[in-house]
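Structure, as structure tokens:
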Amino acid sequence: MSSFTDQALEKKLQDLNNTQQSVQTLSLWLIHHRKHAKAIVATWYRDLLKVKPSRKLVYVYLANDVIQNSKKKGPEFSQQFAVILPKAFHHVAKSAVGDGDNTGTKLVRIINIWGERAVYEGDFLTKLKAAVSLKTGHSKRTTEQPAKQEAKQEAVPANSSVATTTGPTPSKRKKKEIVNEEEEENDEIPPEKLNSVQTDDLVKCLEDLENAASGDAHVREKIASLPPEVQDVSILDKIQERRDAERLSKIVDNACELLQEYNCRLSTELEDRKKVQQMLKIFIAYQKDQLTKSQQKLEEYRSKLTKVTSVRKELKSHIQSLPDLTKLPDVSGGWLAPLPSAGDLFNSESKLDSS
């Protein structure tokens, strides 16, 4: 990967365009040179103030990608950007006044994502929203977009990057696919399949995804460091010698091989994630089923406990009403006088008659 210089950074910012690939490529390069975070952020903000309004939003997308993807490697960028983000959002929102509040909505969307992913504290995010609303003059409209209107805005992918395309909404075919996926997710799982996913298998699949292609920073850096001539057809017109053409051909072949292998890995990862998604769906359904059964058992045994407690209370009351046997004479020692015999009884009667 090329070394860092102010001139190189300026050039890369000038070449930055409104595509996800361009944003992620430059983001990787910046994160690689994170020890220059202070200088990078200063240059980013200086150029942000100078570029045309139509290009300002892509600078914000770049900052978002750098801030989120650099979190694991260190806080340099998040701290440096925090110093100037309120002014930057203030400036971008002001420059976009008159675009139907579209830019303000996208800025607030980024702020909300930072809140969901705990990128910054709530007080700081509130400050950013205030900076956006002050410039647009539509605070309520900017910060509280209805769910239906927000769904029409640019989608933000599940990974750390924010979508940078500004084209039309998804086609009818794409929308239909999304609806079909949602319907599949809502399908009830047959009872016989509820216990088909073992916990150990699910854990293993999730652990395997930790080493998936999308998380391979080494390969992504190799792709980001590919020379610009492998993507620029106009360079072919400048090649005059066969030796240069052969050299470029070799570079392009290596790049194609690298990208093809990485794309295959990404396709495999996609299938693995779909499999894990289905496993999670079954596993969660099974756990919900077990939870329902456990709650039913809990209620059943609570009822039994109430009945047993009631019997215990009645039994205790009955025991207290019985005579105290400890107050009766103790016959265990044999000292109690024997009962009188029949002769004794007759003698007693004769004595009574004579008297």
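Identifiers for the structure tokens are assigned positionally: chains receive A, B, ... in sequence, residues are indexed from 1 per chain, and ligands are indexed from 1 in the order shown.
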
Give me the residues within 10 Å of Leu62 of chain A as a list in words, counting only C-alpha atoms and dropping any in the same chain fewer than 2 places off.
-> Leu13, Leu16, Asn18, Gln20, Ser22, Val23, Gln24, Thr25, Leu26, Ser27, Leu30, Trp44, Leu57, Val58, Tyr59, Val60, Asn64, Asp65, Val66, Ile67, Ser161, Val162 and Thr164 of chain A

Considering only C-alpha atoms, return as a PyMOL selection string whatever protein or nucleic-acid residues lie within 12 Å of segment 233-238 of chain A, sequence-local ones (same chain, fewer than 5 positions apart) excluded.
-> chain A and resi 227-228+244-246+248-249+252

Within 12 Å of segment 200-218 of chain A: each segment 231-290 of chain A residue with its shortest pair, only C-alpha atoms, as a Markdown table:
```
| residue | atom | partner | partner_atom | distance |
| --- | --- | --- | --- | --- |
| A:Leu258 | CA | A:His218 | CA | 12.0 |
| A:Leu259 | CA | A:Ala213 | CA | 11.7 |
| A:Glu261 | CA | A:Ala213 | CA | 10.1 |
| A:Tyr262 | CA | A:Ala213 | CA | 7.1 |
| A:Asn263 | CA | A:Ala213 | CA | 8.7 |
| A:Cys264 | CA | A:Ala213 | CA | 9.2 |
| A:Arg265 | CA | A:Ala213 | CA | 5.7 |
| A:Leu266 | CA | A:Ala213 | CA | 5.6 |
| A:Ser267 | CA | A:Ala213 | CA | 9.1 |
| A:Thr268 | CA | A:Ala213 | CA | 8.6 |
| A:Glu269 | CA | A:Ala212 | CA | 6.2 |
| A:Leu270 | CA | A:Ala212 | CA | 9.5 |
| A:Glu271 | CA | A:Leu209 | CA | 11.0 |
| A:Asp272 | CA | A:Leu209 | CA | 7.8 |
| A:Arg273 | CA | A:Leu209 | CA | 7.6 |
| A:Lys274 | CA | A:Cys205 | CA | 11.2 |
| A:Lys275 | CA | A:Cys205 | CA | 8.9 |
| A:Val276 | CA | A:Cys205 | CA | 6.8 |
| A:Gln277 | CA | A:Leu202 | CA | 10.0 |
| A:Gln278 | CA | A:Leu202 | CA | 10.4 |
| A:Met279 | CA | A:Leu202 | CA | 6.9 |
| A:Leu280 | CA | A:Leu202 | CA | 7.6 |
| A:Lys281 | CA | A:Leu202 | CA | 11.0 |
| A:Ile282 | CA | A:Leu202 | CA | 10.5 |
| A:Phe283 | CA | A:Leu202 | CA | 8.5 |
| A:Ile284 | CA | A:Leu202 | CA | 11.3 |
```

Pick out the closest residue to Pro53 of chain A from this set: A:Lys297, A:His91, A:Arg312, A:Lys307. Count only C-alpha atoms.
->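 Nearest candidate to Pro53 of chain A out of A:Lys297, A:His91, A:Arg312, A:Lys307: A:His91.
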
Proximity to Phe77 of chain A - best of A:Lys316, A:Lys304, A:Lys293, A:His33, only C-alpha atoms = A:His33

Residue nearest Lys52 of chain A - candidates A:Ile319, A:Val92, A:Ile239, A:Val311, atoms counted: only C-alpha atoms =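 The shortest atom-to-atom distance to Lys52 of chain A comes from A:Val92.
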
Selection: 10 Å around Lys193 of chain A, only C-alpha atoms, excl. self and same-chain fewer than 2 positions, as a list in words =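 So the residues in contact are Ile189, Pro190, Pro191, Asn195, Ser196, Val197, Ile282, Phe283, Ala285 and Tyr286 of chain A.
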
Would you write out those residues with all heavy atoms, as a short mmCIF file (atom, residue, chain, number, x, y, z; two decimals), in the first residue's frame?
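And here's out.cif as it stands now:
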```cif
data_model
loop_
_atom_site.label_atom_id
_atom_site.label_comp_id
_atom_site.auth_asym_id
_atom_site.auth_seq_id
_atom_site.Cartn_x
_atom_site.Cartn_y
_atom_site.Cartn_z
N ILE A 189 -42.85 -22.63 11.07
CA ILE A 189 -41.97 -23.79 10.96
C ILE A 189 -42.73 -25.02 11.45
O ILE A 189 -43.32 -24.99 12.53
CB ILE A 189 -40.69 -23.58 11.79
CG1 ILE A 189 -39.96 -22.35 11.26
CG2 ILE A 189 -39.80 -24.80 11.74
CD1 ILE A 189 -38.77 -21.97 12.10
N PRO A 190 -42.73 -26.11 10.68
CA PRO A 190 -43.43 -27.33 11.11
C PRO A 190 -42.88 -27.81 12.45
O PRO A 190 -41.68 -27.72 12.72
CB PRO A 190 -43.11 -28.33 9.99
CG PRO A 190 -42.79 -27.48 8.80
CD PRO A 190 -42.14 -26.25 9.34
N PRO A 191 -43.74 -28.32 13.33
CA PRO A 191 -43.31 -28.77 14.66
C PRO A 191 -42.18 -29.80 14.60
O PRO A 191 -41.31 -29.81 15.47
CB PRO A 191 -44.58 -29.37 15.26
CG PRO A 191 -45.70 -28.67 14.54
CD PRO A 191 -45.20 -28.44 13.15
N ASN A 195 -36.84 -28.98 16.48
CA ASN A 195 -35.67 -29.48 17.22
C ASN A 195 -34.58 -29.98 16.29
O ASN A 195 -33.71 -30.76 16.69
CB ASN A 195 -36.10 -30.60 18.18
CG ASN A 195 -35.07 -30.85 19.25
OD1 ASN A 195 -34.24 -30.00 19.55
ND2 ASN A 195 -35.10 -32.05 19.84
N SER A 196 -34.59 -29.51 15.03
CA SER A 196 -33.63 -30.00 14.05
C SER A 196 -32.29 -29.30 14.11
O SER A 196 -31.31 -29.75 13.51
CB SER A 196 -34.21 -29.85 12.63
OG SER A 196 -34.47 -28.49 12.34
N VAL A 197 -32.21 -28.17 14.82
CA VAL A 197 -30.96 -27.42 14.92
C VAL A 197 -30.37 -27.62 16.31
O VAL A 197 -30.99 -27.28 17.32
CB VAL A 197 -31.19 -25.91 14.66
CG1 VAL A 197 -29.90 -25.13 14.87
CG2 VAL A 197 -31.72 -25.69 13.26
N ILE A 282 -35.07 -21.28 12.93
CA ILE A 282 -35.58 -22.51 13.53
C ILE A 282 -35.24 -22.56 15.01
O ILE A 282 -36.08 -22.92 15.85
CB ILE A 282 -35.01 -23.74 12.80
CG1 ILE A 282 -35.50 -23.76 11.34
CG2 ILE A 282 -35.40 -25.03 13.51
CD1 ILE A 282 -34.87 -24.86 10.50
N PHE A 283 -34.01 -22.18 15.34
CA PHE A 283 -33.56 -22.24 16.73
C PHE A 283 -34.38 -21.30 17.61
O PHE A 283 -34.80 -21.66 18.71
CB PHE A 283 -32.08 -21.86 16.80
CG PHE A 283 -31.48 -21.99 18.17
CD1 PHE A 283 -31.14 -23.23 18.69
CD2 PHE A 283 -31.28 -20.87 18.95
CE1 PHE A 283 -30.59 -23.35 19.96
CE2 PHE A 283 -30.73 -20.98 20.22
CZ PHE A 283 -30.39 -22.22 20.73
N ALA A 285 -37.42 -20.19 16.95
CA ALA A 285 -38.78 -20.73 17.03
C ALA A 285 -38.85 -21.85 18.06
O ALA A 285 -39.82 -21.96 18.83
CB ALA A 285 -39.22 -21.23 15.66
N TYR A 286 -37.80 -22.70 18.09
CA TYR A 286 -37.76 -23.80 19.06
C TYR A 286 -37.69 -23.26 20.48
O TYR A 286 -38.38 -23.76 21.39
CB TYR A 286 -36.57 -24.70 18.77
CG TYR A 286 -36.35 -25.78 19.80
CD1 TYR A 286 -37.23 -26.86 19.90
CD2 TYR A 286 -35.28 -25.72 20.68
CE1 TYR A 286 -37.04 -27.85 20.85
CE2 TYR A 286 -35.08 -26.70 21.63
CZ TYR A 286 -35.96 -27.77 21.71
OH TYR A 286 -35.77 -28.73 22.65
#
```

Please return as number ranges by chain: the residues of segment 185-270 of chain A that backbone DSSP assigns to helix (DSSP H, G or I).
-> A: 185-186, 191-193, 199-209, 213-215, 217-224, 228-230, 233-238, 242-270

Please save C-alpha atoms of the selected residues as a CSV table (one decimal), in the first residue's frame.
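To be explicit, this is the file written out as result_4.csv:
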```
chain,number,residue,atom,x,y,z
A,185,GLU,CA,-39.3,-15.3,7.2
A,186,ASN,CA,-42.9,-15.2,8.5
A,191,PRO,CA,-43.3,-28.8,14.7
A,192,GLU,CA,-41.2,-31.7,13.5
A,193,LYS,CA,-38.4,-29.3,12.4
A,199,THR,CA,-26.9,-25.7,19.7
A,200,ASP,CA,-23.3,-26.9,19.0
A,201,ASP,CA,-23.9,-26.9,15.2
A,202,LEU,CA,-25.3,-23.4,15.4
A,203,VAL,CA,-22.4,-22.1,17.5
A,204,LYS,CA,-19.9,-23.7,15.1
A,205,CYS,CA,-21.5,-22.0,12.1
A,206,LEU,CA,-21.4,-18.7,13.8
A,207,GLU,CA,-17.8,-19.1,14.7
A,208,ASP,CA,-17.0,-20.0,11.1
A,209,LEU,CA,-18.6,-16.7,10.0
A,213,ALA,CA,-14.4,-13.3,3.4
A,214,SER,CA,-16.0,-10.0,4.3
A,215,GLY,CA,-13.9,-9.8,7.4
A,217,ALA,CA,-8.9,-7.2,6.0
A,218,HIS,CA,-5.7,-8.5,4.3
A,219,VAL,CA,-7.4,-9.3,1.0
A,220,ARG,CA,-9.4,-6.1,1.1
A,221,GLU,CA,-6.2,-4.1,1.6
A,222,LYS,CA,-4.6,-5.9,-1.4
A,223,ILE,CA,-7.6,-5.0,-3.5
A,224,ALA,CA,-7.5,-1.4,-2.3
A,228,PRO,CA,-5.4,2.6,-10.8
A,229,GLU,CA,-4.5,1.4,-14.3
A,230,VAL,CA,-6.3,-1.9,-13.8
A,233,VAL,CA,-9.5,1.9,-19.7
A,234,SER,CA,-8.2,5.3,-20.9
A,235,ILE,CA,-4.7,4.4,-19.9
A,236,LEU,CA,-4.6,1.9,-22.8
A,237,ASP,CA,-4.3,4.8,-25.2
A,238,LYS,CA,-1.1,5.9,-23.5
A,242,ARG,CA,4.7,-3.9,-26.3
A,243,ARG,CA,6.7,-4.4,-23.1
A,244,ASP,CA,4.5,-2.0,-21.2
A,245,ALA,CA,1.4,-3.7,-22.6
A,246,GLU,CA,2.6,-7.1,-21.4
A,247,ARG,CA,3.4,-5.8,-18.0
A,248,LEU,CA,0.0,-4.2,-17.7
A,249,SER,CA,-1.6,-7.4,-18.9
A,250,LYS,CA,0.1,-9.4,-16.2
A,251,ILE,CA,-1.0,-6.9,-13.6
A,252,VAL,CA,-4.6,-7.1,-14.8
A,253,ASP,CA,-4.5,-10.9,-14.9
A,254,ASN,CA,-3.4,-11.0,-11.3
A,255,ALA,CA,-6.0,-8.5,-10.3
A,256,CYS,CA,-8.7,-10.6,-12.1
A,257,GLU,CA,-7.6,-13.7,-10.3
A,258,LEU,CA,-7.5,-12.0,-7.0
A,259,LEU,CA,-11.0,-10.5,-7.5
A,260,GLN,CA,-12.5,-13.7,-8.9
A,261,GLU,CA,-11.3,-15.7,-5.9
A,262,TYR,CA,-12.5,-13.1,-3.5
A,263,ASN,CA,-15.9,-13.0,-5.2
A,264,CYS,CA,-16.2,-16.7,-5.0
A,265,ARG,CA,-15.4,-16.5,-1.3
A,266,LEU,CA,-18.1,-13.8,-0.9
A,267,SER,CA,-20.6,-15.9,-2.7
A,268,THR,CA,-19.9,-18.9,-0.4
A,269,GLU,CA,-20.2,-16.6,2.6
A,270,LEU,CA,-23.5,-15.4,1.3
```

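From atom CA of Lys35 of chain A back to atom CA of Asn17 of chain A, the distance works out to 24.6 Å.
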
Atom CA of Leu28 of chain A and atom CA of Ser225 of chain A are how many Å apart?
-> 9.2 Å
